[in-house]
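One file, my_file34.txt, carrying compact mmCIF, C-alpha atoms and all ligand atoms:
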# COMPACT_ATOMS: atom_id res chain seq x y z
CA MET A 1 -16.46 17.48 -10.69
CA GLU A 2 -18.12 20.50 -9.12
CA ARG A 3 -14.80 22.31 -9.24
CA VAL A 4 -14.60 21.69 -13.00
CA LEU A 5 -18.19 22.77 -13.61
CA SER A 6 -17.86 25.97 -11.62
CA ARG A 7 -14.59 26.81 -13.31
CA GLY A 8 -16.11 26.21 -16.74
CA TRP A 9 -12.80 25.08 -18.24
CA TYR A 10 -13.32 21.67 -19.78
CA VAL A 11 -10.33 20.76 -21.95
CA LEU A 12 -6.55 20.99 -21.28
CA GLY A 13 -6.88 23.03 -18.12
CA PRO A 14 -5.59 23.03 -14.54
CA GLU A 15 -7.05 19.63 -13.54
CA LEU A 16 -5.20 17.85 -16.34
CA GLN A 17 -2.01 19.71 -15.64
CA ALA A 18 -2.21 18.71 -11.97
CA PHE A 19 -3.09 15.10 -12.83
CA GLU A 20 -0.16 14.90 -15.25
CA GLU A 21 2.21 16.12 -12.54
CA GLU A 22 0.76 13.75 -9.94
CA PHE A 23 0.71 10.74 -12.25
CA ALA A 24 4.28 11.35 -13.47
CA ALA A 25 5.43 11.56 -9.84
CA TYR A 26 3.53 8.34 -9.06
CA CYS A 27 5.14 6.50 -11.99
CA GLY A 28 8.60 7.89 -11.28
CA THR A 29 8.83 9.49 -14.70
CA GLY A 30 9.58 13.10 -15.53
CA TYR A 31 6.42 13.61 -17.57
CA ALA A 32 2.91 12.35 -18.13
CA VAL A 33 0.74 13.44 -21.02
CA GLY A 34 -3.01 12.83 -20.79
CA VAL A 35 -4.69 11.53 -23.95
CA ALA A 36 -8.16 10.35 -24.90
CA ASN A 37 -7.67 6.59 -24.33
CA GLY A 38 -5.08 3.83 -24.08
CA THR A 39 -5.08 2.92 -27.77
CA ASP A 40 -4.30 6.52 -28.71
CA ALA A 41 -1.56 6.50 -26.06
CA LEU A 42 0.10 3.60 -27.90
CA GLU A 43 -0.37 5.17 -31.32
CA LEU A 44 1.04 8.54 -30.24
CA ALA A 45 3.95 6.81 -28.50
CA LEU A 46 4.78 4.95 -31.73
CA GLN A 47 4.64 8.21 -33.69
CA ALA A 48 6.76 9.98 -31.07
CA VAL A 49 9.61 7.48 -31.46
CA GLY A 50 9.48 7.97 -35.22
CA VAL A 51 7.67 4.83 -36.39
CA GLU A 52 6.79 5.45 -40.00
CA ARG A 53 4.73 3.82 -42.71
CA GLY A 54 5.95 0.31 -43.51
CA ALA A 55 8.22 -0.03 -40.45
CA GLU A 56 7.99 -3.15 -38.30
CA VAL A 57 6.85 -3.09 -34.68
CA VAL A 58 7.31 -6.20 -32.56
CA THR A 59 4.42 -7.04 -30.25
CA VAL A 60 2.42 -9.96 -28.89
CA ALA A 61 -0.84 -11.36 -30.27
CA ASN A 62 -2.59 -12.19 -26.98
CA ALA A 63 -3.26 -8.69 -25.69
CA GLY A 64 -6.66 -7.81 -27.08
CA MET A 65 -5.69 -6.20 -30.40
CA TYR A 66 -4.95 -2.83 -28.75
CA GLY A 67 -1.24 -2.65 -29.59
CA THR A 68 -1.90 -4.10 -33.03
CA THR A 69 -4.60 -1.48 -33.68
CA ALA A 70 -2.16 1.29 -32.73
CA ILE A 71 0.57 -0.19 -34.94
CA LEU A 72 -1.76 -0.39 -37.92
CA ARG A 73 -3.06 3.15 -37.29
CA ALA A 74 0.54 4.36 -37.30
CA GLY A 75 0.90 2.75 -40.75
CA ALA A 76 3.39 0.17 -39.49
CA VAL A 77 3.45 -3.63 -39.71
CA PRO A 78 2.99 -5.78 -36.59
CA VAL A 79 5.50 -8.60 -36.10
CA PHE A 80 4.12 -11.01 -33.54
CA ALA A 81 6.39 -12.67 -30.99
CA ASP A 82 5.03 -15.73 -29.22
CA VAL A 83 4.51 -15.43 -25.47
CA ASP A 84 6.24 -17.21 -22.63
CA ALA A 85 4.25 -20.31 -21.57
CA ALA A 86 4.30 -19.42 -17.86
CA SER A 87 3.74 -15.66 -17.83
CA LEU A 88 1.86 -15.36 -21.17
CA MET A 89 3.96 -12.24 -21.82
CA MET A 90 6.74 -11.53 -24.32
CA GLY A 91 9.95 -13.33 -23.40
CA PRO A 92 13.54 -12.33 -24.20
CA ALA A 93 14.24 -15.16 -26.67
CA ALA A 94 11.04 -14.46 -28.62
CA LEU A 95 11.93 -10.77 -28.81
CA GLU A 96 15.43 -11.55 -30.08
CA SER A 97 14.09 -13.69 -32.87
CA ALA A 98 11.37 -11.20 -33.90
CA LEU A 99 13.77 -8.27 -34.28
CA SER A 100 14.97 -7.37 -37.77
CA PRO A 101 16.80 -4.46 -39.37
CA ARG A 102 13.34 -3.01 -40.13
CA THR A 103 12.18 -3.02 -36.50
CA ALA A 104 11.33 0.55 -35.49
CA ALA A 105 9.87 -0.17 -32.03
CA VAL A 106 8.74 -2.86 -29.61
CA ILE A 107 5.52 -2.84 -27.61
CA VAL A 108 5.72 -4.93 -24.45
CA THR A 109 2.36 -5.57 -22.80
CA HIS A 110 2.31 -6.15 -19.06
CA LEU A 111 -0.60 -8.56 -18.98
CA TYR A 112 -3.31 -9.21 -16.36
CA GLY A 113 -1.64 -7.02 -13.71
CA GLY A 114 1.77 -8.65 -13.93
CA MET A 115 5.05 -7.39 -15.32
CA ALA A 116 6.91 -8.87 -18.28
CA ALA A 117 10.66 -9.64 -18.00
CA ILE A 118 11.17 -5.95 -18.49
CA ARG A 119 14.80 -5.69 -17.38
CA GLU A 120 15.88 -8.32 -19.92
CA LEU A 121 13.57 -7.04 -22.66
CA SER A 122 14.71 -3.44 -22.30
CA ALA A 123 18.37 -4.53 -22.31
CA ILE A 124 17.81 -6.34 -25.63
CA ALA A 125 15.98 -3.36 -27.14
CA ALA A 126 18.71 -0.99 -25.95
CA ARG A 127 21.44 -3.19 -27.42
CA ARG A 128 19.65 -3.08 -30.77
CA SER A 129 18.88 0.67 -30.41
CA VAL A 130 15.17 -0.03 -30.77
CA PRO A 131 12.79 2.06 -28.63
CA LEU A 132 10.70 0.00 -26.24
CA ILE A 133 7.14 1.08 -25.41
CA GLU A 134 5.40 -0.42 -22.40
CA ASP A 135 1.67 -1.10 -22.54
CA CYS A 136 0.80 -0.65 -18.86
CA ALA A 137 -3.00 -0.67 -19.19
CA HIS A 138 -3.34 -3.80 -17.01
CA SER A 139 -0.69 -3.00 -14.44
CA PRO A 140 -0.68 0.60 -13.15
CA GLY A 141 1.35 0.79 -9.96
CA ALA A 142 3.20 -2.52 -10.42
CA ALA A 143 6.90 -2.16 -9.68
CA ARG A 144 10.02 -4.29 -9.98
CA ASP A 145 13.33 -3.50 -8.28
CA GLY A 146 11.68 -0.31 -7.05
CA ARG A 147 10.83 0.88 -10.57
CA LYS A 148 7.24 1.26 -11.64
CA VAL A 149 5.79 0.00 -14.93
CA GLY A 150 6.03 2.71 -17.53
CA SER A 151 9.39 3.93 -16.29
CA TRP A 152 11.46 1.16 -17.93
CA GLY A 153 10.81 1.84 -21.59
CA ALA A 154 11.21 4.97 -23.69
CA LEU A 155 7.51 5.56 -23.05
CA GLY A 156 4.77 3.90 -20.99
CA CYS A 157 1.14 3.87 -22.09
CA PHE A 158 -1.89 3.68 -19.81
CA SER A 159 -5.61 3.24 -20.30
CA PHE A 160 -7.98 4.57 -17.64
CA TYR A 161 -10.99 2.74 -19.07
CA PRO A 162 -13.51 2.46 -16.22
CA THR A 163 -12.74 -1.18 -15.37
CA LYS A 164 -8.98 -0.63 -15.06
CA ASN A 165 -7.25 -0.58 -11.67
CA LEU A 166 -7.23 3.21 -12.06
CA GLY A 167 -10.43 3.92 -13.98
CA ALA A 168 -12.02 7.15 -15.14
CA ALA A 169 -15.78 7.64 -15.62
CA GLY A 170 -15.36 7.22 -19.36
CA ASP A 171 -12.45 6.93 -21.76
CA ALA A 172 -9.05 8.31 -20.79
CA GLY A 173 -5.37 7.44 -21.15
CA ALA A 174 -1.85 8.74 -20.65
CA VAL A 175 1.70 8.43 -21.93
CA VAL A 176 4.57 8.70 -19.46
CA THR A 177 8.24 9.26 -20.23
CA SER A 178 11.35 10.78 -18.72
CA ASP A 179 12.52 12.12 -22.06
CA PRO A 180 11.46 15.78 -22.42
CA SER A 181 11.60 15.71 -26.22
CA LEU A 182 9.34 12.62 -26.40
CA ALA A 183 6.93 14.25 -23.94
CA ALA A 184 6.85 17.39 -26.08
CA LYS A 185 6.17 15.31 -29.21
CA VAL A 186 3.25 13.46 -27.60
CA ARG A 187 1.89 16.76 -26.30
CA ALA A 188 1.95 18.19 -29.83
CA LEU A 189 0.59 15.01 -31.45
CA ARG A 190 -2.43 14.89 -29.12
CA GLN A 191 -3.52 18.31 -30.40
CA TYR A 192 -3.19 18.68 -34.18
CA GLY A 193 0.63 18.77 -34.07
CA TRP A 194 0.48 22.18 -32.40
CA THR A 195 3.56 23.43 -30.59
CA ALA A 196 1.83 26.78 -30.17
CA LYS A 197 -1.88 27.53 -30.57
CA TYR A 198 -2.88 27.21 -34.26
CA HIS A 199 0.73 26.42 -35.26
CA SER A 200 1.03 22.81 -36.34
CA THR A 201 4.70 21.90 -36.57
CA VAL A 202 4.68 18.16 -35.79
CA ARG A 203 3.44 15.92 -38.60
CA GLY A 204 0.75 13.34 -37.85
CA GLY A 205 -1.15 15.15 -35.12
CA GLN A 206 -4.73 14.38 -34.17
CA ASN A 207 -7.25 15.34 -31.48
CA SER A 208 -6.72 13.04 -28.50
CA ARG A 209 -7.17 15.01 -25.30
CA LEU A 210 -8.02 13.98 -21.75
CA ASP A 211 -10.80 16.25 -20.54
CA GLU A 212 -10.94 18.13 -17.25
CA MET A 213 -13.78 16.11 -15.74
CA GLN A 214 -11.93 12.83 -16.25
CA ALA A 215 -8.71 14.38 -14.97
CA ALA A 216 -10.47 15.55 -11.79
CA ILE A 217 -11.91 12.06 -11.23
CA LEU A 218 -8.51 10.45 -11.81
CA ARG A 219 -6.89 12.91 -9.36
CA ALA A 220 -9.39 11.90 -6.69
CA LYS A 221 -8.80 8.19 -7.33
CA LEU A 222 -5.00 8.11 -7.78
CA PRO A 223 -4.27 8.29 -4.01
CA CYS A 224 -6.41 5.14 -3.57
CA LEU A 225 -4.61 3.11 -6.25
CA ASP A 226 -1.98 1.47 -4.04
CA GLY A 227 -4.62 0.43 -1.49
CA TRP A 228 -6.88 -0.97 -4.19
CA ASN A 229 -3.94 -2.82 -5.77
CA ALA A 230 -3.06 -4.34 -2.37
CA ARG A 231 -6.65 -5.52 -1.92
CA ARG A 232 -6.68 -7.00 -5.45
CA ARG A 233 -3.44 -8.84 -4.62
CA GLU A 234 -5.03 -10.25 -1.44
CA ILE A 235 -8.00 -11.49 -3.45
CA ALA A 236 -5.66 -13.18 -5.95
CA GLN A 237 -3.75 -14.85 -3.13
CA THR A 238 -6.99 -16.08 -1.56
CA TYR A 239 -8.03 -17.53 -4.92
CA CYS A 240 -4.62 -19.22 -5.31
CA ARG A 241 -4.92 -20.88 -1.90
CA ALA A 242 -8.51 -21.94 -2.53
CA LEU A 243 -7.75 -23.32 -6.00
CA ALA A 244 -4.33 -24.88 -5.34
CA ALA A 245 -5.63 -28.43 -5.60
CA SER A 246 -8.31 -27.74 -8.23
CA GLY A 247 -6.22 -28.70 -11.25
CA ALA A 248 -6.61 -25.24 -12.84
CA GLY A 249 -3.46 -23.37 -13.89
CA LEU A 250 -2.88 -20.37 -11.61
CA PRO A 251 -0.73 -17.22 -11.83
CA SER A 252 2.74 -18.20 -10.63
CA ASP A 253 3.55 -15.35 -8.25
CA THR A 254 0.86 -13.18 -6.76
CA SER A 255 2.76 -11.89 -3.74
CA GLY A 256 5.23 -9.36 -5.15
CA SER A 257 4.90 -5.65 -5.86
CA ASP A 258 5.21 -6.51 -9.56
CA TYR A 259 1.68 -7.93 -9.53
CA VAL A 260 -1.46 -5.80 -9.16
CA ALA A 261 -4.10 -8.42 -10.04
CA HIS A 262 -5.96 -6.49 -12.71
CA LEU A 263 -7.51 -9.71 -14.00
CA PHE A 264 -7.40 -13.00 -12.12
CA VAL A 265 -6.85 -15.47 -14.94
CA ILE A 266 -6.85 -19.23 -14.54
CA ARG A 267 -6.04 -21.75 -17.26
CA SER A 268 -7.75 -25.03 -18.00
CA ALA A 269 -8.36 -27.33 -20.94
CA ARG A 270 -11.86 -27.61 -19.43
CA ARG A 271 -12.49 -23.87 -19.59
CA GLU A 272 -15.94 -24.04 -21.17
CA ARG A 273 -17.16 -26.45 -18.52
CA ILE A 274 -15.97 -24.10 -15.73
CA ARG A 275 -17.54 -21.14 -17.51
CA ARG A 276 -20.89 -22.85 -17.85
CA ALA A 277 -20.91 -23.95 -14.22
CA LEU A 278 -20.11 -20.43 -13.02
CA SER A 279 -22.69 -18.93 -15.30
CA ASP A 280 -25.30 -21.35 -13.92
CA ALA A 281 -24.31 -20.16 -10.42
CA GLY A 282 -24.84 -16.53 -11.49
CA ILE A 283 -21.11 -15.75 -11.55
CA ALA A 284 -19.84 -13.66 -14.47
CA THR A 285 -16.58 -14.64 -16.15
CA ASP A 286 -14.80 -13.45 -19.26
CA VAL A 287 -12.01 -14.52 -21.60
CA HIS A 288 -9.06 -12.19 -22.11
CA TYR A 289 -8.72 -12.76 -25.00
CA PRO A 290 -10.55 -15.32 -27.16
CA VAL A 291 -9.08 -14.47 -30.59
CA PRO A 292 -5.34 -13.86 -30.98
CA ASP A 293 -4.58 -10.71 -32.96
CA HIS A 294 -3.01 -12.52 -35.91
CA LEU A 295 -6.24 -14.48 -36.43
CA GLN A 296 -8.64 -11.53 -36.17
CA GLU A 297 -10.96 -11.33 -39.13
CA SER A 298 -10.21 -7.64 -39.73
CA LEU A 299 -6.64 -8.57 -40.69
CA GLY A 300 -7.95 -10.63 -43.57
CA GLY A 301 -5.65 -13.59 -43.04
CA ALA A 302 -2.48 -11.56 -43.68
CA PHE A 303 -0.84 -12.86 -40.49
CA ARG A 304 -2.42 -16.30 -40.36
CA GLY A 305 0.91 -17.99 -41.03
CA ALA A 306 2.61 -16.61 -37.91
CA ALA A 307 3.90 -19.44 -35.73
CA LEU A 308 2.46 -18.64 -32.31
CA PRO A 309 1.65 -21.98 -30.67
CA VAL A 310 1.65 -20.77 -27.05
CA THR A 311 -0.52 -17.77 -27.92
CA GLU A 312 -3.01 -19.91 -29.83
CA ARG A 313 -3.24 -22.60 -27.18
CA SER A 314 -3.62 -20.17 -24.29
CA ALA A 315 -6.51 -18.43 -26.07
CA THR A 316 -8.47 -21.68 -25.68
CA GLU A 317 -7.60 -22.10 -21.99
CA VAL A 318 -7.64 -18.72 -20.22
CA LEU A 319 -10.59 -17.75 -18.04
CA THR A 320 -10.97 -14.57 -16.01
CA LEU A 321 -12.65 -14.84 -12.61
CA PRO A 322 -14.20 -11.84 -10.84
CA CYS A 323 -11.52 -9.76 -9.09
CA PHE A 324 -12.14 -6.22 -7.88
CA PRO A 325 -11.29 -4.47 -4.60
CA GLU A 326 -14.87 -4.42 -3.28
CA MET A 327 -15.23 -8.23 -3.42
CA THR A 328 -16.10 -9.77 -0.08
CA ALA A 329 -14.49 -12.88 1.44
CA GLY A 330 -17.81 -14.69 0.98
CA GLU A 331 -17.94 -13.85 -2.71
CA ILE A 332 -14.35 -15.06 -3.27
CA ASP A 333 -15.22 -18.33 -1.49
CA GLU A 334 -18.33 -18.75 -3.56
CA VAL A 335 -16.46 -18.30 -6.87
CA ALA A 336 -13.59 -20.58 -5.82
CA GLY A 337 -16.06 -23.22 -4.60
CA ALA A 338 -17.91 -23.16 -7.93
CA VAL A 339 -14.62 -23.56 -9.86
CA ARG A 340 -13.51 -26.46 -7.66
CA GLU A 341 -16.86 -28.17 -8.01
CA SER A 342 -16.89 -27.80 -11.80
CA LEU A 343 -13.51 -29.55 -12.00
CA SER A 344 -14.21 -32.31 -9.51
C1 LIG B 401 -3.62 -4.21 -22.49
C2 LIG B 401 -4.41 -3.06 -23.02
N1 LIG B 401 -3.79 -2.16 -23.78
C3 LIG B 401 -4.44 -1.10 -24.31
C4 LIG B 401 -5.78 -0.92 -24.07
C5 LIG B 401 -6.48 0.20 -24.77
O1 LIG B 401 -7.10 1.09 -23.94
P1 LIG B 401 -8.41 1.89 -24.37
O2 LIG B 401 -9.57 0.96 -24.27
O3 LIG B 401 -8.45 2.99 -23.34
O4 LIG B 401 -8.17 2.41 -25.74
C6 LIG B 401 -6.47 -1.80 -23.25
C7 LIG B 401 -7.90 -1.56 -22.98
O5 LIG B 401 -8.72 -2.24 -22.59
C8 LIG B 401 -5.77 -2.92 -22.71
O6 LIG B 401 -6.40 -3.82 -21.94
In structure tokens, write the structure found in this file.
Ligand SMILES: Cc1ncc(COP(=O)(O)O)c(C=O)c1O
Amino acid sequence: MERVLSRGWYVLGPELQAFEEEFAAYCGTGYAVGVANGTDALELALQAVGVERGAEVVTVANAGMYGTTAILRAGAVPVFADVDAASLMMGPAALESALSPRTAAVIVTHLYGGMAAIRELSAIAARRSVPLIEDCAHSPGAARDGRKVGSWGALGCFSFYPTKNLGAAGDAGAVVTSDPSLAAKVRALRQYGWTAKYHSTVRGGQNSRLDEMQAAILRAKLPCLDGWNARRREIAQTYCRALAASGAGLPSDTSGSDYVAHLFVIRSARRERIRRALSDAGIATDVHYPVPDHLQESLGGAFRGAALPVTERSATEVLTLPCFPEMTAGEIDEVAGAVRESLS
């Protein structure tokens, strides 16, 4: 931060350039483009693959309205696929049935620190020549078959909101890709459509830049990400052992490199009772997310008819327990004990 202040270069300077190179190398992609936040990352990614007004974009309705917001901002129409009952992420069969001749893109959200069935999903999208965009906000650093999230789709989108596994000290985001022309498009779109200063050649540009201070902070934190992810995974495993006989639904596999435990989410029909008991014990919980996108008031009922039974049911059952690298063994025990007690 001192380096940035003494240099006096605050926007699109050497810190961002270095962070983009370091983050692209970390993700195993050719390019990373820093943007203002994760929602912009999704919107610019949709624009970069050519999503236009009225086109359909397939997504899920249980991921906090971020992808849906980006789709609507791009002028497109969200088509909601129901989620898999075990992973709560988009499954291959649901994607197949949501695709239509009007589908211009798919957004796959890697939820809670896990990874969706990305090999199968990207094969389906490729077969239908539909670009697949990964929403990696919950899962930076997760990898399957040696490939990191964000490197499977045409583009991967990240949020560095402060509470994320890799968090800035404010809003920040990035788009990664190995396609140089998509990287160039996102680069232009984040700054008025400029391909050269004051020359706007790409339609639909906006101002969505990642500033130097945030880039410097992210550069300092990136080397810690794998260690923090490993500690988060340990915490999740400890929870799973401690809650195995509690009756709560638990994440199915917390041991692999494709899980980085962004949010430790349990499921129970008695969620409110657990929540109240934890609150009484001074333990904060949250629900990610309480209202499925298709039922959000801002959509005015336009998607109310979507048949999304797993999405709707899970919204009434999911509960997020505290999970962050600094948690102590005693704190994990205390939370798990309070959950067990509330269900006994
Ligand atoms: C899954 C997911 N996608 C996208 C976003 C959007 O990121 P931002 O808040 O940086 O716009 C978030 C943010 O919380 C998120 O959790």
Neighbour residues at most 7 Å from (-0.3, -11.0, -27.2) (all atoms listed in the file) as number ranges by chain: A: 59-63, 83, 89, 292, 311
Nearby residues, ligand LIG 401 (chain B), 6 Å, only C-alpha atoms and all ligand atoms, as a ChimeraX atom specification: /A:37-39,63,66,135,137-138,159-161,171-173
First collect every listed atom of stretch 180-191 of chain A; then fit an axis-aligned box around them, widen it by 8 Å on each side, and give centre and edge lengths in Å to one decimal, as AutoDock Vina command-line options.
--center_x 4.0 --center_y 15.5 --center_z -26.9 --size_x 31.1 --size_y 21.7 --size_z 25.0
Show which residues sit within 10 Å of A:Arg231, as a list in words. Count all atoms listed in the file, and ignore same-chain residues fewer than 6 positions away. Leu225, Gln237, Val260, Ala261, Cys323, Phe324, Pro325, Glu326 and Met327 of chain A
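What separates atom CA of A:Ala269 from atom CA of A:Ser87 is a distance of 17.1 Å.
As for atom CA of A:Ala244 and atom CA of A:Leu343, they are spaced 12.3 Å apart.
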Give me the residues near stretch 22-28 of chain A as a PyMOL selection string, where near means some atom within 7 Å (using all atoms listed in the file) and where sequence neighbours in that chain fewer than 6 positions away do not count. chain A and resi 148+150-151+176
Dump of C-alpha atoms for the selected residues, as a CSV table (one decimal), keeping the file's coordinate frame:
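Output file part.csv follows:
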chain,number,residue,atom,x,y,z
A,148,LYS,CA,7.2,1.3,-11.6
A,150,GLY,CA,6.0,2.7,-17.5
A,151,SER,CA,9.4,3.9,-16.3
A,176,VAL,CA,4.6,8.7,-19.5
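Using all atoms listed in the file, the smallest distance between any of A:Ala85, A:Val4, A:Ala169, A:Ala74 and A:Gly249 comes from A:Ala85.
Shortest separation to A:Arg102 among A:Asp84, A:Glu56, A:Met65, A:Ala142 occurs at residue A:Glu56, atoms counted being all atoms listed in the file.
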